[in-house]
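Source file: my_file-v7.cif (mmCIF, C-alpha atoms; chains and numbers go by the auth columns)
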data_work
#
loop_
_atom_site.group_PDB
_atom_site.id
_atom_site.type_symbol
_atom_site.label_atom_id
_atom_site.label_comp_id
_atom_site.label_asym_id
_atom_site.label_seq_id
_atom_site.Cartn_x
_atom_site.Cartn_y
_atom_site.Cartn_z
_atom_site.B_iso_or_equiv
_atom_site.auth_seq_id
_atom_site.auth_asym_id
ATOM 1 C CA MET A 1 -41.041 15.542 20.468 0.00 1 A
ATOM 2 C CA SER A 2 -40.945 12.269 18.573 0.00 2 A
ATOM 3 C CA GLN A 3 -39.880 14.122 15.445 0.00 3 A
ATOM 4 C CA SER A 4 -36.782 15.550 17.109 0.00 4 A
ATOM 5 C CA VAL A 5 -35.849 12.121 18.461 0.00 5 A
ATOM 6 C CA GLY A 6 -36.341 10.630 15.016 0.00 6 A
ATOM 7 C CA ALA A 7 -34.250 13.371 13.439 0.00 7 A
ATOM 8 C CA THR A 8 -31.478 12.808 15.981 0.00 8 A
ATOM 9 C CA ALA A 9 -31.539 9.056 15.401 0.00 9 A
ATOM 10 C CA SER A 10 -31.462 9.612 11.661 0.00 10 A
ATOM 11 C CA ALA A 11 -28.499 11.982 11.947 0.00 11 A
ATOM 12 C CA GLN A 12 -26.632 9.467 14.091 0.00 12 A
ATOM 13 C CA ALA A 13 -27.386 6.691 11.605 0.00 13 A
ATOM 14 C CA PHE A 14 -25.965 8.792 8.764 0.00 14 A
ATOM 15 C CA GLU A 15 -22.893 9.534 10.851 0.00 15 A
ATOM 16 C CA VAL A 16 -22.311 5.822 11.490 0.00 16 A
ATOM 17 C CA LEU A 17 -22.896 5.058 7.819 0.00 17 A
ATOM 18 C CA GLY A 18 -20.332 7.692 6.856 0.00 18 A
ATOM 19 C CA ALA A 19 -17.787 6.219 9.267 0.00 19 A
ATOM 20 C CA VAL A 20 -18.336 2.701 7.898 0.00 20 A
ATOM 21 C CA MET A 21 -17.936 3.903 4.330 0.00 21 A
ATOM 22 C CA ALA A 22 -14.762 5.831 5.227 0.00 22 A
ATOM 23 C CA LYS A 23 -13.300 2.711 6.844 0.00 23 A
ATOM 24 C CA LYS A 24 -14.062 0.633 3.752 0.00 24 A
ATOM 25 C CA GLN A 25 -12.416 3.247 1.542 0.00 25 A
ATOM 26 C CA LEU A 26 -9.293 3.298 3.726 0.00 26 A
ATOM 27 C CA ASN A 27 -9.091 -0.496 3.564 0.00 27 A
ATOM 28 C CA GLN A 28 -9.331 -0.414 -0.236 0.00 28 A
ATOM 29 C CA GLU A 29 -6.647 2.278 -0.431 0.00 29 A
ATOM 30 C CA ALA A 30 -4.384 0.192 1.812 0.00 30 A
ATOM 31 C CA GLN A 31 -4.863 -2.850 -0.427 0.00 31 A
ATOM 32 C CA MET A 32 -4.058 -0.801 -3.537 0.00 32 A
ATOM 33 C CA THR A 33 -0.960 0.618 -1.842 0.00 33 A
ATOM 34 C CA ASN A 34 0.230 -2.870 -0.925 0.00 34 A
ATOM 35 C CA LEU A 35 -0.255 -4.041 -4.511 0.00 35 A
ATOM 36 C CA LEU A 36 1.668 -1.028 -5.788 0.00 36 A
ATOM 37 C CA VAL A 37 4.572 -1.673 -3.409 0.00 37 A
ATOM 38 C CA GLU A 38 4.660 -5.363 -4.314 0.00 38 A
ATOM 39 C CA SER A 39 4.728 -4.611 -8.032 0.00 39 A
ATOM 40 C CA ALA A 40 7.475 -2.025 -7.508 0.00 40 A
ATOM 41 C CA MET A 41 9.542 -4.547 -5.579 0.00 41 A
ATOM 42 C CA GLN A 42 9.110 -7.152 -8.328 0.00 42 A
ATOM 43 C CA SER A 43 10.151 -4.749 -11.071 0.00 43 A
ATOM 44 C CA SER A 44 13.094 -3.587 -8.963 0.00 44 A
ATOM 45 C CA ALA A 45 14.281 -7.151 -8.476 0.00 45 A
ATOM 46 C CA ALA A 46 14.021 -7.790 -12.212 0.00 46 A
ATOM 47 C CA ALA A 47 15.993 -4.619 -13.019 0.00 47 A
ATOM 48 C CA GLN A 48 18.993 -5.538 -10.856 0.00 48 A
ATOM 49 C CA SER A 49 22.142 -6.467 -12.721 0.00 49 A
ATOM 50 C CA PRO A 50 22.781 -10.177 -13.045 0.00 50 A
ATOM 51 C CA SER A 51 25.585 -11.760 -11.079 0.00 51 A
ATOM 52 C CA PRO A 52 28.898 -12.115 -12.924 0.00 52 A
ATOM 53 C CA VAL A 53 29.660 -15.341 -14.739 0.00 53 A
ATOM 54 C CA GLY A 54 32.990 -16.949 -13.961 0.00 54 A
ATOM 55 C CA ASN A 55 35.735 -15.066 -12.155 0.00 55 A
ATOM 56 C CA LEU A 56 36.552 -12.425 -14.753 0.00 56 A
ATOM 57 C CA GLY A 57 37.199 -9.188 -12.914 0.00 57 A
ATOM 58 C CA MET A 58 36.475 -10.647 -9.504 0.00 58 A
ATOM 59 C CA ASN A 59 40.047 -10.512 -8.178 0.00 59 A
ATOM 60 C CA ILE A 60 42.012 -7.398 -8.977 0.00 60 A
ATOM 61 C CA ASP A 61 45.434 -6.949 -7.419 0.00 61 A
ATOM 62 C CA ILE A 62 46.698 -3.394 -7.601 0.00 62 A
ATOM 63 C CA LYS A 63 50.279 -2.696 -6.497 0.00 63 A
ATOM 64 C CA VAL A 64 51.560 0.828 -6.343 0.00 64 A
#
Output the structure of this file as C-alpha cells.
Amino acid sequence: MSQSVGATASAQAFEVLGAVMAKKQLNQEAQMTNLLVESAMQSSAAAQSPSPVGNLGMNIDIKV
C-alpha cells in the first residue's frame, strides 16, 4: 500500500513541477513579446516622416 501512495505522491509532484515550468515558460514568452512590441514601436517612430520645415506647402488656397 505504501508503494501506491508513493507513486501517487510522485505523480502529483511531477504534475506540479510541470505546471511550474509551464508558468515560467509563459512568463518568458510574455517578456519576449513585450520586447518585440517595444522594438517595433521604436522602429515605427523612427520611420515616420519628419515634420515640415517652414510653411512651404502648409497653406494652399484653391479657388474653383
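Between CA of Leu26 (chain A) and CA of Gln12 (chain A) the interatomic distance comes to 21.1 Å.
Put simply, CA of Gln25 (chain A) is 22.5 Å away from CA of Ser10 (chain A).
Our summary of the geometry notes that CA of Ser43 (chain A) is positioned 20.0 Å from CA of Ala30 (chain A).
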